[in-house]
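Participant: This is my_file.cif, which holds mmCIF, C-alpha atoms:
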data_start
loop_
_atom_site.label_atom_id
_atom_site.label_comp_id
_atom_site.auth_asym_id
_atom_site.auth_seq_id
_atom_site.Cartn_x
_atom_site.Cartn_y
_atom_site.Cartn_z
CA MET A 19 17.86 14.96 23.95
CA PRO A 20 14.18 15.97 23.71
CA ASN A 21 11.47 13.63 24.94
CA LEU A 22 9.55 12.50 21.86
CA LYS A 23 7.13 10.17 23.65
CA VAL A 24 3.41 10.59 22.99
CA LYS A 25 0.28 8.68 23.96
CA LEU A 26 -2.64 7.55 21.85
CA GLY A 27 -5.17 6.69 24.50
CA ARG A 28 -3.55 3.93 26.58
CA LEU A 29 -0.89 3.32 23.92
CA GLU A 30 2.50 4.95 24.50
CA LEU A 31 4.79 5.58 21.53
CA GLN A 32 8.51 6.35 21.71
CA ASN A 33 7.96 9.02 19.04
CA PRO A 34 4.99 10.27 17.01
CA VAL A 35 5.93 8.86 13.58
CA MET A 36 4.40 5.78 11.94
CA PRO A 37 3.47 4.59 8.44
CA ALA A 38 0.05 5.11 6.93
CA SER A 39 -1.80 1.88 6.29
CA GLY A 40 -1.46 0.59 2.76
CA THR A 41 1.89 2.29 2.11
CA PHE A 42 4.06 -0.03 4.18
CA GLY A 43 2.79 -3.49 3.36
CA TYR A 44 2.68 -5.65 6.47
CA GLY A 45 6.00 -4.22 7.71
CA GLU A 46 8.22 -7.03 6.49
CA GLU A 47 8.50 -5.43 3.06
CA TYR A 48 10.47 -2.49 4.53
CA ALA A 49 12.41 -4.34 7.23
CA SER A 50 15.56 -4.66 5.10
CA LEU A 51 15.47 -0.94 4.24
CA ILE A 52 14.98 0.74 7.62
CA ASP A 53 15.21 -0.14 11.30
CA LEU A 54 11.58 -0.69 12.24
CA ASN A 55 12.48 -0.35 15.92
CA LYS A 56 13.05 3.37 15.36
CA LEU A 57 9.40 4.01 14.49
CA GLY A 58 6.73 5.11 16.90
CA ALA A 59 4.53 2.23 15.75
CA ILE A 60 3.99 -0.10 12.82
CA VAL A 61 0.64 0.23 11.07
CA THR A 62 -0.25 -2.72 8.87
CA LYS A 63 -1.98 -2.92 5.54
CA GLY A 64 -5.76 -3.15 5.96
CA VAL A 65 -7.03 -6.58 7.02
CA SER A 66 -10.50 -7.96 6.28
CA LEU A 67 -12.35 -11.07 7.34
CA ALA A 68 -11.90 -12.76 3.96
CA PRO A 69 -9.10 -12.22 1.41
CA GLN A 70 -9.69 -9.43 -1.10
CA GLU A 71 -8.31 -9.54 -4.64
CA GLY A 72 -8.48 -5.80 -5.10
CA ASN A 73 -8.99 -3.81 -8.29
CA PRO A 74 -7.73 -4.67 -11.75
CA PRO A 75 -4.60 -2.86 -12.98
CA PRO A 76 -3.47 -0.20 -13.53
CA ARG A 77 -3.61 0.63 -9.85
CA ILE A 78 -1.21 3.57 -9.53
CA ARG A 79 -0.98 6.90 -11.32
CA GLU A 80 1.34 9.78 -10.54
CA THR A 81 -0.19 13.25 -10.46
CA ARG A 82 1.40 16.69 -10.39
CA GLY A 83 0.93 16.93 -6.66
CA GLY A 84 1.07 13.33 -5.52
CA MET A 85 -0.38 10.04 -6.67
CA LEU A 86 -3.60 8.13 -7.23
CA ASN A 87 -3.98 4.60 -5.95
CA SER A 88 -6.73 2.14 -6.77
CA ILE A 89 -5.56 -0.95 -4.92
CA GLY A 90 -9.06 -1.88 -3.86
CA LEU A 91 -8.10 -2.95 -0.33
CA GLN A 92 -6.34 -6.09 -1.56
CA ASN A 93 -5.18 -8.21 1.37
CA VAL A 94 -4.56 -11.78 2.42
CA GLY A 95 -7.47 -11.96 4.87
CA LEU A 96 -7.49 -12.30 8.65
CA GLU A 97 -6.50 -15.95 8.90
CA ALA A 98 -3.47 -15.65 6.59
CA PHE A 99 -2.49 -12.38 8.29
CA ALA A 100 -2.45 -14.11 11.67
CA GLN A 101 -0.46 -17.09 10.44
CA GLN A 102 1.85 -15.61 7.80
CA LYS A 103 2.27 -11.85 8.38
CA LEU A 104 1.91 -11.02 12.07
CA PRO A 105 4.56 -13.45 13.44
CA PHE A 106 7.35 -11.56 11.64
CA LEU A 107 6.47 -8.37 13.50
CA HIS A 108 6.87 -10.00 16.90
CA ARG A 109 10.64 -9.54 16.68
CA PHE A 110 10.27 -5.76 16.93
CA LYS A 111 9.72 -3.78 20.12
CA VAL A 112 7.41 -1.10 18.71
CA PRO A 113 3.62 -1.31 19.04
CA ILE A 114 1.73 -3.01 16.20
CA ILE A 115 -1.43 -1.22 15.09
CA VAL A 116 -3.55 -3.35 12.78
CA ASN A 117 -5.68 -1.46 10.27
CA PHE A 118 -8.88 -3.32 9.39
CA PHE A 119 -12.19 -2.96 7.63
CA GLY A 120 -15.49 -4.70 6.88
CA PHE A 121 -18.56 -4.33 4.72
CA THR A 122 -21.17 -4.46 7.50
CA ILE A 123 -21.07 -3.30 11.11
CA ASP A 124 -21.20 -6.89 12.32
CA GLU A 125 -18.29 -7.78 10.07
CA TYR A 126 -16.21 -4.92 11.48
CA ALA A 127 -16.98 -6.18 14.96
CA GLU A 128 -16.04 -9.76 14.13
CA VAL A 129 -12.70 -8.72 12.65
CA ALA A 130 -11.97 -6.56 15.70
CA MET A 131 -12.85 -9.38 18.07
CA ARG A 132 -10.64 -11.90 16.27
CA LEU A 133 -7.72 -9.48 15.90
CA SER A 134 -7.82 -8.70 19.62
CA ALA A 135 -7.16 -12.37 20.36
CA LEU A 136 -3.87 -12.33 18.45
CA GLU A 137 -0.59 -12.06 20.31
CA GLY A 138 1.30 -8.82 19.89
CA VAL A 139 -1.46 -6.57 18.56
CA ALA A 140 -1.38 -3.29 20.50
CA ALA A 141 -4.27 -1.37 18.94
CA LEU A 142 -6.75 -1.46 16.07
CA GLU A 143 -7.31 1.23 13.44
CA ALA A 144 -10.73 0.96 11.80
CA ASN A 145 -10.86 2.23 8.23
CA LEU A 146 -14.34 3.69 7.88
CA SER A 147 -13.89 4.66 4.23
CA CYS A 148 -15.67 1.50 3.12
CA PRO A 149 -19.19 1.08 1.67
CA ASN A 150 -21.91 -0.33 3.90
CA ILE A 151 -23.46 -3.03 1.69
CA LYS A 152 -26.53 -3.14 3.95
CA ALA A 153 -27.18 0.58 3.50
CA GLY A 154 -27.03 0.95 -0.26
CA GLY A 155 -23.26 1.34 -0.40
CA ILE A 156 -23.13 4.49 1.74
CA TYR A 157 -19.70 4.91 3.28
CA PHE A 158 -19.52 4.24 7.01
CA GLY A 159 -17.51 7.34 7.88
CA VAL A 160 -19.63 10.07 6.30
CA GLY A 161 -22.29 10.45 8.98
CA SER A 162 -22.02 10.99 12.71
CA ARG A 163 -24.78 8.45 13.40
CA SER A 164 -23.08 5.63 11.49
CA VAL A 165 -19.70 6.50 13.01
CA ALA A 166 -21.24 6.37 16.48
CA GLN A 167 -22.93 3.03 15.76
CA ILE A 168 -19.83 1.33 14.46
CA THR A 169 -17.54 2.78 17.13
CA LYS A 170 -19.87 1.60 19.90
CA LYS A 171 -19.96 -1.89 18.40
CA LEU A 172 -16.18 -2.02 18.02
CA VAL A 173 -15.45 -0.86 21.55
CA LYS A 174 -17.70 -3.64 22.87
CA SER A 175 -15.98 -6.20 20.63
CA THR A 176 -12.42 -5.75 21.82
CA ASN A 177 -10.29 -4.89 24.82
CA LEU A 178 -7.78 -3.09 22.60
CA ALA A 179 -7.67 0.63 21.89
CA ILE A 180 -9.82 1.56 18.88
CA ILE A 181 -8.57 4.26 16.52
CA ILE A 182 -11.10 5.50 13.96
CA LYS A 183 -9.69 6.50 10.55
CA LEU A 184 -11.87 9.02 8.77
CA SER A 185 -12.25 10.80 5.46
CA SER A 186 -12.30 14.56 5.03
CA GLN A 187 -15.24 14.19 2.63
CA VAL A 188 -17.84 15.06 5.25
CA SER A 189 -19.95 18.13 5.97
CA ASN A 190 -18.71 18.56 9.53
CA ILE A 191 -15.52 16.80 10.65
CA LYS A 192 -16.01 18.02 14.22
CA GLU A 193 -19.35 16.20 14.55
CA ILE A 194 -17.92 13.02 13.10
CA CYS A 195 -14.95 13.02 15.49
CA LEU A 196 -17.17 13.84 18.46
CA ALA A 197 -19.36 10.87 17.55
CA ALA A 198 -16.33 8.57 17.61
CA GLU A 199 -15.09 10.05 20.88
CA GLY A 200 -18.52 9.78 22.48
CA GLU A 201 -18.69 6.04 21.89
CA GLY A 202 -15.24 5.24 23.24
CA ALA A 203 -12.70 5.68 20.45
CA GLU A 204 -9.28 6.37 21.94
CA ALA A 205 -8.01 8.31 18.92
CA VAL A 206 -8.97 9.37 15.40
CA THR A 207 -6.83 9.34 12.26
CA LEU A 208 -7.30 12.22 9.81
CA ILE A 209 -7.43 11.98 6.84
CA ASN A 210 -7.81 9.11 4.43
CA SER A 211 -6.94 9.64 0.76
CA ILE A 212 -9.39 11.75 -1.24
CA PRO A 213 -11.54 10.17 -3.98
CA ALA A 214 -10.24 11.23 -7.39
CA MET A 215 -9.64 10.02 -10.93
CA ALA A 216 -7.49 10.41 -14.04
CA ILE A 217 -8.48 10.16 -17.71
CA ASP A 218 -6.50 8.96 -20.71
CA LEU A 219 -7.49 11.66 -23.20
CA ASP A 220 -6.35 9.76 -26.27
CA ARG A 221 -8.33 6.65 -25.36
CA LYS A 222 -11.13 8.55 -23.61
CA ARG A 223 -10.98 5.99 -20.84
CA PRO A 224 -10.14 6.05 -17.12
CA VAL A 225 -6.46 5.55 -16.41
CA LEU A 226 -7.09 3.39 -13.36
CA GLY A 227 -8.48 -0.12 -13.63
CA GLY A 228 -10.89 0.66 -10.80
CA VAL A 229 -11.95 3.89 -12.56
CA THR A 230 -11.49 6.04 -9.45
CA GLY A 231 -8.85 5.98 -6.75
CA GLY A 232 -7.53 7.81 -3.72
CA LEU A 233 -5.46 10.97 -4.08
CA SER A 234 -2.55 11.23 -1.66
CA GLY A 235 0.68 13.17 -1.37
CA PRO A 236 1.49 16.90 -1.07
CA ALA A 237 -1.71 17.95 -2.87
CA ILE A 238 -3.89 16.93 0.08
CA LYS A 239 -1.72 18.27 2.90
CA PRO A 240 -3.59 21.60 3.29
CA ILE A 241 -6.90 19.73 3.43
CA ALA A 242 -5.56 17.31 6.04
CA LEU A 243 -4.09 20.12 8.14
CA LYS A 244 -7.45 21.91 8.22
CA ALA A 245 -9.24 18.73 9.24
CA VAL A 246 -6.78 18.11 12.07
CA TRP A 247 -7.02 21.68 13.31
CA GLU A 248 -10.81 21.64 13.28
CA ALA A 249 -11.01 18.28 15.04
CA ALA A 250 -8.48 19.33 17.67
CA SER A 251 -10.76 22.19 18.66
CA ALA A 252 -13.61 19.79 19.28
CA VAL A 253 -12.32 16.53 20.80
CA LYS A 254 -10.12 15.64 23.73
CA ILE A 255 -8.91 12.30 22.35
CA PRO A 256 -5.61 12.25 20.41
CA ILE A 257 -5.54 12.88 16.67
CA VAL A 258 -3.21 11.13 14.24
CA GLY A 259 -2.53 13.44 11.30
CA VAL A 260 -1.91 12.04 7.83
CA GLY A 261 -1.88 13.47 4.33
CA GLY A 262 1.01 14.78 2.29
CA ILE A 263 3.74 14.53 4.93
CA MET A 264 7.02 14.45 3.04
CA ASP A 265 9.54 15.72 5.59
CA TYR A 266 9.95 16.66 9.24
CA ARG A 267 8.62 20.20 8.74
CA ASP A 268 5.39 18.81 7.31
CA ALA A 269 5.11 16.51 10.32
CA LEU A 270 5.69 19.38 12.75
CA GLU A 271 2.95 21.43 11.09
CA PHE A 272 0.47 18.68 11.88
CA LEU A 273 1.64 18.57 15.50
CA VAL A 274 1.31 22.34 15.83
CA ALA A 275 -2.20 22.07 14.36
CA GLY A 276 -3.13 19.66 17.16
CA ALA A 277 -2.14 16.15 16.07
CA MET A 278 -0.55 13.94 18.72
CA ALA A 279 1.12 11.74 16.11
CA VAL A 280 1.53 11.51 12.34
CA GLN A 281 1.45 8.89 9.63
CA VAL A 282 3.62 8.94 6.53
CA GLY A 283 2.27 7.44 3.32
CA THR A 284 3.20 8.43 -0.23
CA ALA A 285 6.68 9.53 0.84
CA ASN A 286 7.51 5.91 1.71
CA PHE A 287 7.22 4.99 -1.96
CA ILE A 288 9.64 7.74 -2.97
CA ASN A 289 12.17 7.27 -0.18
CA PRO A 290 11.85 4.28 2.18
CA THR A 291 13.94 6.03 4.84
CA THR A 292 11.63 9.06 5.04
CA MET A 293 10.14 8.19 8.43
CA VAL A 294 13.52 7.77 10.11
CA GLU A 295 14.64 11.07 8.57
CA ILE A 296 11.49 12.74 9.91
CA ILE A 297 12.13 11.42 13.42
CA ASP A 298 15.72 12.69 13.30
CA GLY A 299 14.54 16.02 11.88
CA ILE A 300 11.99 16.52 14.65
CA ASP A 301 14.63 15.70 17.25
CA ALA A 302 17.06 18.22 15.73
CA PHE A 303 14.37 20.91 15.43
CA LEU A 304 13.42 20.62 19.10
CA THR A 305 17.05 20.48 20.22
CA GLN A 306 17.97 23.61 18.29
CA ARG A 307 15.12 25.52 19.92
CA GLY A 308 15.70 24.22 23.44
CA ILE A 309 12.36 22.41 23.56
CA GLU A 310 12.67 19.51 26.01
CA ASN A 311 9.35 17.77 25.39
CA ILE A 312 7.50 17.36 22.11
CA ARG A 313 4.23 17.91 23.96
CA GLU A 314 5.17 21.59 24.17
CA ILE A 315 4.50 22.10 20.47
CA ILE A 316 1.41 19.91 20.08
CA GLY A 317 -1.60 22.16 19.53
CA SER A 318 0.56 25.29 19.82
CA LEU A 319 -0.92 27.07 16.79
CA LYS A 320 -1.38 30.80 17.44
CA LEU A 321 -4.41 32.57 16.01
#
Could you express the structure from this file as structure tokens?
Facilitator:
Amino acid sequence: MPNLKVKLGRLELQNPVMPASGTFGYGEEYASLIDLNKLGAIVTKGVSLAPQEGNPPPRIRETRGGMLNSIGLQNVGLEAFAQQKLPFLHRFKVPIIVNFFGFTIDEYAEVAMRLSALEGVAALEANLSCPNIKAGGIYFGVGSRSVAQITKKLVKSTNLAIIIKLSSQVSNIKEICLAAEGEGAEAVTLINSIPAMAIDLDRKRPVLGGVTGGLSGPAIKPIALKAVWEAASAVKIPIVGVGGIMDYRDALEFLVAGAMAVQVGTANFINPTTMVEIIDGIDAFLTQRGIENIREIIGSLKL
């Protein structure tokens, strides 16, 4: 049986497959459908300092190549997460990665500090696709300077591994990832969903209640693959690839491009057992080709 173990900084995973934040609830929602202990890690829905109501409905729209979501980062808030959501996950043996966000750098740091005090949290994934309300609403993850500033602050705020989740909507993904690496991030996640929208032609109105949303699914896979490949040529820290992964072959493409691990998002809505099927598919693929360690294919793209 091939060795599927990978490391994200100091965090060791039994295999490289985990859910993308926001597509798996807080984990409990899928626990009756799949064996969570088979996953490489559990990544929670994004957590903020205070509860967020999110956007008005409609929040979801199918597209020809995936889906649009306009959830608006709805969540129960840090206190309710700690008391009501996290305890359920303690029964599982896989690492718990908590995705989180804020609206100022100080708020990010406070959330990170308070999450790091909670029992059972293995690592933190910072969603930088949020507007900085102290900088005119500019998104945190679009500039290398802001990414460096927030990463430095986060690393000082917690003793846990910090993973920085980034958008592809930047001029130079290499510079952004290097900025995160330079200030102590132990991994980067690429990519977040892509800003998009849909219009109801008959009503001449936006389909989504929040007007715009995030495009995910197969349509963004080529964009995500390119981002992972470019980042892998620039940084030494591990990359978590995400975007349009629907089966094990998609996942393997990301690993070949240079990702150390992958996250599965939209596919979870279509088939809740997708991640387990991907893990089994990777295992079978390696076995059939006599590959003993998954590390042999990571970053193996030939040019």
Participant: Residues at most 10 Å from A:Asn55, counting only C-alpha atoms, excluding those fewer than 3 positions away in the same chain, as a list in words?
Facilitator: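 Listed by chain and then number, they are Gln32, Ala49, Ile52, Gly58, Ala59, Ile60, Arg109, Phe110, Lys111, Val112 and Pro113 of chain A.
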Participant: Could you jot down the atom CA of A:Pro290 to atom CA of A:Met36 separation for me, Å, one decimal place?
Facilitator: 12.4 Å
Participant: Evaluate the PyMOL selection byres ((chain A and resi 28) around 10) against this structure - the residues, as an NGL selection string, please.
Facilitator: :A and (25-27 or 29-31 or 140-141 or 178-179 or 204-205)
Participant: Fewer than 4 positions away in the same chain doesn't count, so skip those; otherwise give me all residues within 6 Å of A:Ala214, counting only C-alpha atoms, as a list in words.
Facilitator: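 Using only C-alpha atoms, the neighbours found are Thr230, Gly231, Gly232 and Leu233 of chain A.
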Participant: Evaluating the PyMOL selection byres ((chain A and resi 72) around 10) on the displayed file yields which residues, as a list in words?
Facilitator: Pro69, Gln70, Glu71, Asn73, Pro74, Pro75, Arg77, Ser88, Ile89, Gly90, Leu91, Gln92, Asn93 and Gly228 of chain A
Participant: Which of these residues is nearest to A:Gln102, using only C-alpha atoms: A:Glu46, A:Ile288, A:Pro34, A:Asp53?
Facilitator: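 Checking each candidate against A:Gln102, we get A:Glu46 as the closest.
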Participant: Name all residues at most 8 Å from A:Leu96 (count only C-alpha atoms; drop same-chain ones fewer than 3 positions away) and give them as a list in words.
Facilitator: Val65, Ser66, Leu67, Ala68, Pro69, Phe99, Ala100, Val129 and Leu133 of chain A
Participant: Considering only C-alpha atoms, return as a PyMOL selection string whatever protein or nucleic-acid residues lie within 10 Å of A:Gly64, sequence-local ones (same chain, fewer than 5 positions apart) excluded.
Facilitator: chain A and resi 39-40+43-44+91-96+116-120+143-145
Participant: Rounded to one decimal place, report the atom CA of A:Ile181-atom CA of A:Met131 distance in Å.
Facilitator: 14.4 Å
Participant: What would the selection look like, as a PDB file with C-alpha atoms, in the frame of the given file, if the PyMOL selection byres ((chain A and resi 272) around 9) were run on the coordinates I just shared?
Facilitator:
ATOM      1  CA  ALA A 242      -5.560  17.310   6.040  1.00  0.00           C
ATOM      2  CA  LEU A 243      -4.090  20.120   8.140  1.00  0.00           C
ATOM      3  CA  VAL A 246      -6.780  18.110  12.070  1.00  0.00           C
ATOM      4  CA  TRP A 247      -7.020  21.680  13.310  1.00  0.00           C
ATOM      5  CA  VAL A 258      -3.210  11.130  14.240  1.00  0.00           C
ATOM      6  CA  GLY A 259      -2.530  13.440  11.300  1.00  0.00           C
ATOM      7  CA  VAL A 260      -1.910  12.040   7.830  1.00  0.00           C
ATOM      8  CA  ILE A 263       3.740  14.530   4.930  1.00  0.00           C
ATOM      9  CA  ARG A 267       8.620  20.200   8.740  1.00  0.00           C
ATOM     10  CA  ASP A 268       5.390  18.810   7.310  1.00  0.00           C
ATOM     11  CA  ALA A 269       5.110  16.510  10.320  1.00  0.00           C
ATOM     12  CA  LEU A 270       5.690  19.380  12.750  1.00  0.00           C
ATOM     13  CA  GLU A 271       2.950  21.430  11.090  1.00  0.00           C
ATOM     14  CA  LEU A 273       1.640  18.570  15.500  1.00  0.00           C
ATOM     15  CA  VAL A 274       1.310  22.340  15.830  1.00  0.00           C
ATOM     16  CA  ALA A 275      -2.200  22.070  14.360  1.00  0.00           C
ATOM     17  CA  GLY A 276      -3.130  19.660  17.160  1.00  0.00           C
ATOM     18  CA  ALA A 277      -2.140  16.150  16.070  1.00  0.00           C
ATOM     19  CA  MET A 278      -0.550  13.940  18.720  1.00  0.00           C
ATOM     20  CA  ALA A 279       1.120  11.740  16.110  1.00  0.00           C
ATOM     21  CA  VAL A 280       1.530  11.510  12.340  1.00  0.00           C
ATOM     22  CA  ILE A 316       1.410  19.910  20.080  1.00  0.00           C
ATOM     23  CA  GLY A 317      -1.600  22.160  19.530  1.00  0.00           C
TER      24      GLY A 317
END
Participant: Considering only C-alpha atoms, state which residue in the set A:Lys192, A:Arg307, A:Lys222, A:Arg82 is at the smallest distance from A:Ala252.
Facilitator: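 Between A:Lys192, A:Arg307, A:Lys222, A:Arg82, the residue approaching A:Ala252 most closely is A:Lys192.
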Participant: Kindly indicate which residue among A:Asn177, A:Ser318, A:Gln101, A:Gln281 lies nearest to A:Ile257, using only C-alpha atoms for the distances.
Facilitator: A:Gln281
Participant: Complete stretch 224-239 of chain A at the level of N, CA and C atoms, written as a short mmCIF file (atom, residue, chain, number, x, y, z; two decimals), in the coordinates of the input.
Facilitator:
data_model
loop_
_atom_site.label_atom_id
_atom_site.label_comp_id
_atom_site.auth_asym_id
_atom_site.auth_seq_id
_atom_site.Cartn_x
_atom_site.Cartn_y
_atom_site.Cartn_z
N PRO A 224 -10.83 5.82 -18.41
CA PRO A 224 -10.14 6.05 -17.12
C PRO A 224 -8.75 5.43 -17.15
N VAL A 225 -7.82 6.08 -16.50
CA VAL A 225 -6.46 5.55 -16.41
C VAL A 225 -6.41 4.35 -15.48
N LEU A 226 -7.14 4.43 -14.37
CA LEU A 226 -7.09 3.39 -13.36
C LEU A 226 -8.06 2.25 -13.68
N GLY A 227 -7.62 1.04 -13.38
CA GLY A 227 -8.48 -0.12 -13.63
C GLY A 227 -9.75 -0.09 -12.82
N GLY A 228 -9.71 0.53 -11.65
CA GLY A 228 -10.89 0.66 -10.80
C GLY A 228 -11.68 1.93 -11.07
N VAL A 229 -11.34 2.63 -12.12
CA VAL A 229 -11.95 3.89 -12.56
C VAL A 229 -11.55 5.06 -11.67
N THR A 230 -11.90 4.99 -10.39
CA THR A 230 -11.49 6.04 -9.45
C THR A 230 -10.49 5.48 -8.45
N GLY A 231 -9.83 6.39 -7.75
CA GLY A 231 -8.85 5.98 -6.75
C GLY A 231 -8.76 7.01 -5.65
N GLY A 232 -7.74 6.88 -4.82
CA GLY A 232 -7.53 7.81 -3.72
C GLY A 232 -6.34 8.70 -4.00
N LEU A 233 -6.55 10.00 -3.90
CA LEU A 233 -5.46 10.97 -4.08
C LEU A 233 -4.71 11.14 -2.77
N SER A 234 -3.39 11.03 -2.84
CA SER A 234 -2.55 11.23 -1.66
C SER A 234 -1.33 12.04 -2.06
N GLY A 235 -0.51 12.40 -1.08
CA GLY A 235 0.68 13.17 -1.37
C GLY A 235 0.50 14.65 -1.05
N PRO A 236 1.48 15.48 -1.44
CA PRO A 236 1.49 16.90 -1.07
C PRO A 236 0.21 17.65 -1.41
N ALA A 237 -0.50 17.24 -2.46
CA ALA A 237 -1.71 17.95 -2.87
C ALA A 237 -2.77 17.99 -1.79
N ILE A 238 -2.82 16.98 -0.92
CA ILE A 238 -3.89 16.93 0.08
C ILE A 238 -3.46 17.44 1.45
N LYS A 239 -2.20 17.83 1.59
CA LYS A 239 -1.72 18.27 2.90
C LYS A 239 -2.52 19.44 3.47
#
